[in-house]
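These notes are about the structure you will find just below.
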Amino acid sequence: MSSVLSPSTAARTKTPNVGMAIFALAMGGVGIGVTEFTMMGLLKEVEQGLGISTPEAGHLISAYALGVVVGAPLLAAIGAKLPRKRLALGLLLFFTVANLTSFMAPDYGSMLVSRFAAGLPHGAFFGVAAVIAASLVPPTRRGWAISMVMAGLSVSNVVGVPFATWLGQTFGWRLLFVLVGAIGLLALLMVWKFVPFQAAHPDASIRRELGALKRLQVWLALLVGIVGFGGFFATYTYIAHTMTSVAGIPTAWIPLVVALYGLGMVAGNIVGGRLADKSVMGTLYRVLPAIALALVVYALAAHWPWSAMVMVFVVGASGSMLIPALQTRLLDASPDAPSLASSLNHAALNVANALGAFLGGVVIALGWGFVAPALVGAVLAVLGLGVALLSGLLERKRPLAA
């Protein structure tokens, strides 16, 4: 493995508590998760507050996702020459300010711009945070370190999103952005205090980072994320409709359903990190069929309340087990351009979000019912497995560079 990713003596001596450094990076993930997912639960309040239609409110979510897709490669490449800690701090500051502008946005147009801006640092932050975390531990624990950073996103769905939704419904939806700004500021202070300084790689440049885009294995790993993880979002997007219309669960229980999904994500993220440390490709080969199986069982179990809720947890767990392996795979596929490659994973996951939601909506519109998106997701997971197998086959013929 390149020295870009290897633990340095400086990092170890300057970090008496690696756990706190990783926790600080994960806190940034909590803020990102809260701002990304809470908007879905506050759409009605946003519509009323801005005087807009439901599709227009949905465009605010799309604007954020577009910001992630654009910002992940752009900011990672531009920040290639910066020391990683300074890049992480700059991205957190950008994120915090952008969310506070959402709080102050007076109309729909300015809100649309501010949501796009808030999405720009999302992927780049997770990318550089994953690289920093991987550099602080031995190579055999990279999957664990990356999973702990990603856990911030999962934990936000258990605690942050339900609280922010309640706060927005009770005291005004704009307070969501004040809360996110406070979390962003806290994360910035923690990263400044606990994350060690690491000088930029002497050969770092925009051209070097963009070199990751020339590698077939990088594109295959991204395709696994887009296709394989699309099923996760196809199911999650319509989970409230499935629970109320198919399982017969009261609307008041939806926050509990979302929390169960988040708990599954936390558990799956931790397990996925451990598995990735043992075998990255082995994890992909095992988890993708597990996702397909879980989604098929979910489609069957969704007709009864308690079995539906059990499978909500299982689907959340199986899907999130994929993320640490994908992140590690991208680092392995492009060791000389880790920040861009790692950032692209989150751009790919947002494309998966759009793909899954779109395909799920298509089968619902065809009259196939609210469990149909889960079956579409199972097919996508199988297709993702096919891409992973192709990637592994090509790697046997031409191993990744050391």
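We name chains A, B, ... following the order of the structure tokens; residues begin at 1 in each chain, and ligands are numbered from 1 as shown.
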Item checked: Spatial neighbours of A:Phe163, max dist 12 Å, only C-alpha atoms, sep filter under 4 positions, as a list of chain:residue names -> A:Val34, A:Thr35, A:Phe37, A:Thr38, A:Gly41, A:Leu42, A:Val155, A:Ser156, A:Asn157, A:Val158, A:Val159, A:Leu167, A:Gly168, A:Gln169, A:Thr170, A:Phe171, A:Trp173, A:Leu175, A:Leu176, A:Leu179, A:Val180, A:Pro255, A:Leu256, A:Val258, A:Ala259
I'd like a table as JSON lines: residues in stretch 252-370 of chain A with an atom no more than 12 Å from stretch 387-399 of chain A, each row giving the shortest atom pair and its distance in Å to one decimal, only C-alpha atoms counted, sorted by chain and rising residue number.
```
{"residue": "A:Val280", "atom": "CA", "partner": "A:Gly392", "partner_atom": "CA", "distance": 10.5}
{"residue": "A:Met281", "atom": "CA", "partner": "A:Gly392", "partner_atom": "CA", "distance": 7.1}
{"residue": "A:Gly282", "atom": "CA", "partner": "A:Gly392", "partner_atom": "CA", "distance": 9.5}
{"residue": "A:Thr283", "atom": "CA", "partner": "A:Ala388", "partner_atom": "CA", "distance": 10.3}
{"residue": "A:Leu284", "atom": "CA", "partner": "A:Ala388", "partner_atom": "CA", "distance": 6.8}
{"residue": "A:Tyr285", "atom": "CA", "partner": "A:Ala388", "partner_atom": "CA", "distance": 7.0}
{"residue": "A:Arg286", "atom": "CA", "partner": "A:Ala388", "partner_atom": "CA", "distance": 10.5}
{"residue": "A:Val287", "atom": "CA", "partner": "A:Ala388", "partner_atom": "CA", "distance": 10.9}
{"residue": "A:Leu288", "atom": "CA", "partner": "A:Ala388", "partner_atom": "CA", "distance": 9.0}
{"residue": "A:Pro289", "atom": "CA", "partner": "A:Ala388", "partner_atom": "CA", "distance": 11.2}
{"residue": "A:Leu322", "atom": "CA", "partner": "A:Ala388", "partner_atom": "CA", "distance": 11.7}
{"residue": "A:Ala325", "atom": "CA", "partner": "A:Ala388", "partner_atom": "CA", "distance": 11.4}
{"residue": "A:Leu326", "atom": "CA", "partner": "A:Ala388", "partner_atom": "CA", "distance": 10.2}
{"residue": "A:Arg329", "atom": "CA", "partner": "A:Ser391", "partner_atom": "CA", "distance": 10.6}
{"residue": "A:Leu330", "atom": "CA", "partner": "A:Ser391", "partner_atom": "CA", "distance": 12.0}
{"residue": "A:Asp332", "atom": "CA", "partner": "A:Pro399", "partner_atom": "CA", "distance": 10.7}
{"residue": "A:Ala333", "atom": "CA", "partner": "A:Pro399", "partner_atom": "CA", "distance": 9.7}
```
Next item on the list: Considering only C-alpha atoms, state which residue in the set A:Ser339, A:Ser53, A:Thr101, A:Asn350 is at the smallest distance from A:Ala76.
Entry: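 Nearest to A:Ala76: A:Ser339.
Shortest separation to A:Leu75 among A:Ala26, A:Val266, A:Leu340, A:Ala299 occurs at residue A:Leu340, atoms counted being only C-alpha atoms.
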Note to self: Calculated over only C-alpha atoms, which of the candidates A:Met148, A:Leu100, A:Met111, A:Ala365 has the smallest distance to A:Ile52?
What the structure shows: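 Among the listed residues, A:Met111 lies closest to A:Ile52.
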Next item on the list: Have a look at A:Val351, A:Ala57, A:Ala317, A:Met39 and name the one nearest to A:Val271; count only C-alpha atoms.
Entry: A:Ala317
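Nearest residue to A:Met243, choosing from A:Val195, A:Val371, A:Leu188, A:Val161 and counting only C-alpha atoms: A:Val371.
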